$ cat upload01.csv   # CSV, C-alpha atoms
chain,number,residue,atom,x,y,z
A,29,MET,CA,-39.2,-194.0,100.4
A,30,ARG,CA,-36.4,-191.9,98.9
A,31,ASN,CA,-36.7,-190.3,95.5
A,32,LYS,CA,-33.9,-191.2,93.1
A,33,ALA,CA,-33.2,-187.4,92.7
A,34,ASP,CA,-32.4,-187.2,96.4
A,35,GLY,CA,-28.7,-188.1,96.9
A,36,PRO,CA,-25.2,-186.7,97.2
A,37,GLY,CA,-25.1,-185.8,93.5
A,38,THR,CA,-28.2,-183.7,93.7
A,39,THR,CA,-27.1,-182.0,96.8
A,40,ALA,CA,-23.7,-181.2,95.2
A,41,ALA,CA,-25.4,-179.8,92.1
A,42,ILE,CA,-27.6,-177.5,94.2
A,43,VAL,CA,-24.5,-176.3,96.1
A,44,VAL,CA,-22.6,-175.6,92.9
A,45,LEU,CA,-25.6,-173.7,91.5
A,46,ALA,CA,-26.0,-171.6,94.7
A,47,VAL,CA,-22.3,-170.7,94.7
A,48,ALA,CA,-22.5,-169.7,91.1
A,49,VAL,CA,-25.5,-167.5,91.6
A,50,ILE,CA,-23.9,-165.9,94.7
A,51,GLY,CA,-20.6,-165.4,92.8
A,52,VAL,CA,-22.4,-163.5,89.9
A,53,GLY,CA,-24.1,-161.3,92.5
A,54,VAL,CA,-20.9,-160.5,94.3
A,55,ALA,CA,-19.0,-159.8,91.0
A,56,ARG,CA,-21.7,-157.3,90.0
A,57,PHE,CA,-21.5,-155.6,93.4
A,58,LEU,CA,-17.7,-155.3,93.4
A,59,ARG,CA,-17.5,-153.8,89.9
A,60,PRO,CA,-15.5,-150.6,90.1
A,61,ILE,CA,-17.5,-147.4,89.9
A,62,ALA,CA,-16.9,-145.3,86.8
A,63,LEU,CA,-15.9,-141.8,87.8
A,64,ALA,CA,-16.0,-138.6,85.8
A,65,ASP,CA,-13.2,-136.0,85.8
A,66,ASP,CA,-14.6,-134.3,88.8
A,67,GLY,CA,-14.5,-137.5,90.9
A,68,ARG,CA,-18.3,-138.1,90.8
A,69,PRO,CA,-19.8,-141.4,89.6
A,70,SER,CA,-20.7,-141.5,85.9
A,71,GLY,CA,-22.6,-143.9,83.7
A,72,PRO,CA,-25.5,-145.9,85.0
A,73,LEU,CA,-24.5,-145.2,88.6
A,74,ALA,CA,-24.5,-141.4,88.2
A,75,ALA,CA,-28.1,-141.2,89.7
A,76,ALA,CA,-27.4,-143.6,92.5
A,77,PRO,CA,-26.6,-142.3,96.0
A,78,ASP,CA,-23.0,-142.0,96.8
A,79,MET,CA,-22.2,-145.3,98.7
A,80,ARG,CA,-18.4,-144.7,99.0
A,81,ILE,CA,-16.7,-145.0,102.4
A,82,ASP,CA,-15.8,-141.8,104.2
A,83,LEU,CA,-12.2,-142.3,105.3
A,84,ASN,CA,-12.5,-139.7,108.1
A,85,THR,CA,-15.5,-141.3,109.9
A,86,CYS,CA,-15.6,-145.0,109.2
A,87,PRO,CA,-14.4,-147.6,111.8
A,88,ALA,CA,-11.6,-150.0,111.1
A,89,ALA,CA,-14.1,-152.9,110.5
A,90,GLU,CA,-15.7,-151.0,107.6
A,91,LEU,CA,-12.4,-150.2,106.0
A,92,THR,CA,-11.7,-154.0,105.6
A,93,VAL,CA,-14.2,-154.2,102.8
A,94,LEU,CA,-11.9,-152.1,100.6
A,95,PRO,CA,-9.6,-153.9,98.1
A,96,GLY,CA,-6.2,-154.6,99.6
A,97,ILE,CA,-7.2,-153.6,103.2
A,98,GLY,CA,-7.1,-156.2,105.9
A,99,PRO,CA,-7.7,-155.8,109.6
A,100,ARG,CA,-4.1,-154.6,110.4
A,101,LEU,CA,-3.9,-152.0,107.7
A,102,ALA,CA,-7.4,-150.8,108.6
A,103,THR,CA,-6.3,-150.3,112.2
A,104,ARG,CA,-3.2,-148.4,111.0
A,105,ILE,CA,-5.5,-146.1,108.9
A,106,VAL,CA,-7.7,-145.3,111.9
A,107,ALA,CA,-4.6,-144.8,114.1
A,108,GLU,CA,-3.1,-142.4,111.6
A,109,ARG,CA,-6.3,-140.5,111.3
A,110,GLU,CA,-6.5,-140.1,115.0
A,111,ALA,CA,-2.9,-139.1,115.4
A,112,GLY,CA,-2.3,-137.0,112.3
A,113,GLY,CA,-5.8,-135.5,111.7
A,114,PRO,CA,-8.3,-136.1,109.0
A,115,PHE,CA,-7.4,-137.1,105.4
A,116,ALA,CA,-8.0,-134.0,103.3
A,117,ARG,CA,-7.7,-136.0,100.1
A,118,LEU,CA,-7.2,-139.6,99.1
A,119,GLU,CA,-3.5,-139.2,98.6
A,120,ASP,CA,-3.1,-138.4,102.3
A,121,LEU,CA,-3.6,-142.2,102.9
A,122,ARG,CA,0.0,-142.5,101.9
A,123,ARG,CA,0.9,-141.3,105.4
A,124,VAL,CA,0.0,-144.8,106.5
A,125,ASP,CA,2.8,-147.4,106.4
A,126,GLY,CA,1.9,-150.0,103.8
A,127,ILE,CA,-0.2,-147.7,101.5
A,128,GLY,CA,1.4,-146.5,98.3
A,129,PRO,CA,0.2,-145.2,94.9
A,130,ALA,CA,-1.0,-148.6,93.6
A,131,LEU,CA,-3.2,-149.4,96.6
A,132,THR,CA,-4.5,-145.8,96.7
A,133,GLU,CA,-5.5,-146.2,93.0
A,134,ARG,CA,-7.3,-149.5,93.7
A,135,MET,CA,-9.3,-147.9,96.6
A,136,ALA,CA,-10.2,-144.6,94.8
A,137,PRO,CA,-13.6,-145.7,93.4
A,138,TYR,CA,-14.8,-146.8,96.8
A,139,VAL,CA,-13.7,-144.0,99.2
A,140,VAL,CA,-14.1,-140.3,99.8
A,141,ALA,CA,-12.0,-137.9,101.9
A,142,GLY,CA,-12.1,-134.2,102.9
A,143,ASP,CA,-14.3,-132.0,100.7
A,144,GLN,CA,-15.6,-135.0,98.7
A,145,ALA,CA,-17.3,-136.4,101.8
A,146,SER,CA,-19.2,-133.2,102.4
A,147,GLY,CA,-20.4,-133.1,98.8
A,148,ALA,CA,-18.3,-130.0,97.8
A,149,PRO,CA,-16.9,-130.1,94.2
$ encode --input "upload01.csv" --output "C-alpha cells"
Amino acid sequence: MRNKADGPGTTAAIVVLAVAVIGVGVARFLRPIALADDGRPSGPLAAAPDMRIDLNTCPAAELTVLPGIGPRLATRIVAEREAGGPFARLEDLRRVDGIGPALTERMAPYVVAGDQASGAP
C-alpha cells in the first residue's frame, strides 16, 4: 500500500530541496578570497592553508575550475607555459590569446604564480 506522501509532488519537493542545499554549499565554496595588500589571504581565511592553483604546475583540467576558463583556454595556458616558460606573475597570463586584464582580475584570488607559489613574499 502506497503512502499518500509518496508521489510525484513529494519527489519533486525533495529534488528542489536537495538542489537548494547543494547550491548554498557551492556558493559558499566559490566566494572570492579576500586578499591583503601583500597578496595573502586575509579575514577568516587567513589561517587556512593556501588552496590557490599554481599556474606553473597544474594540468589543463585543473585550470578549468577557474572563472572564465574553459577547456580550450586551459589548453592554451598550458601550451604557452610550455613554449614561453613559467609565469613569473599573474599578469604574464596575458601572453595567452584570450586572456586580458578583466579575466586576469577575476582569476587573481584563485591562482598563484612565480614567487607566490613558493611562499616567498
$ residues_around --input "upload01.csv" --residues "Phe115 of chain A" --least-positions-apart "5" --cutoff "8 Å" --atoms "only C-alpha atoms" --output "VMD selection string"
chain A and resid 83 to 84 109 120 to 121 141 to 142
$ atom_distance --input "upload01.csv" --atom1 "atom CA of Tyr138 of chain A" --atom2 "atom CA of Glu119 of chain A"
13.7 Å
$ closest_residue --input "upload01.csv" --among "A:Arg122, A:Gln144, A:Ala88, A:Met135" --to "Glu110 of chain A" --atoms "only C-alpha atoms"
A:Ala88
$ residues_around --input "upload01.csv" --residues "Pro95 of chain A" --least-positions-apart "4" --cutoff "12 Å" --atoms "only C-alpha atoms" --output "list in words"
Leu58, Arg59, Pro60, Glu90, Leu91, Pro99, Leu101, Ala102, Ile127, Ala130, Leu131, Thr132, Glu133, Arg134, Met135, Ala136, Pro137, Tyr138 and Val139 of chain A
$ atom_distance --input "upload01.csv" --atom1 "atom CA of Gly96 of chain A" --atom2 "atom CA of Ala111 of chain A"
22.4 Å
$ atom_distance --input "upload01.csv" --atom1 "atom CA of Arg104 of chain A" --atom2 "atom CA of Cys86 of chain A"
13.0 Å
$ residues_around --input "upload01.csv" --residues "Val140 of chain A" --least-positions-apart "2" --cutoff "7 Å" --atoms "only C-alpha atoms" --output "list in words"
Arg80, Ile81, Asp82, Leu83, Leu118, Gln144 and Ala145 of chain A
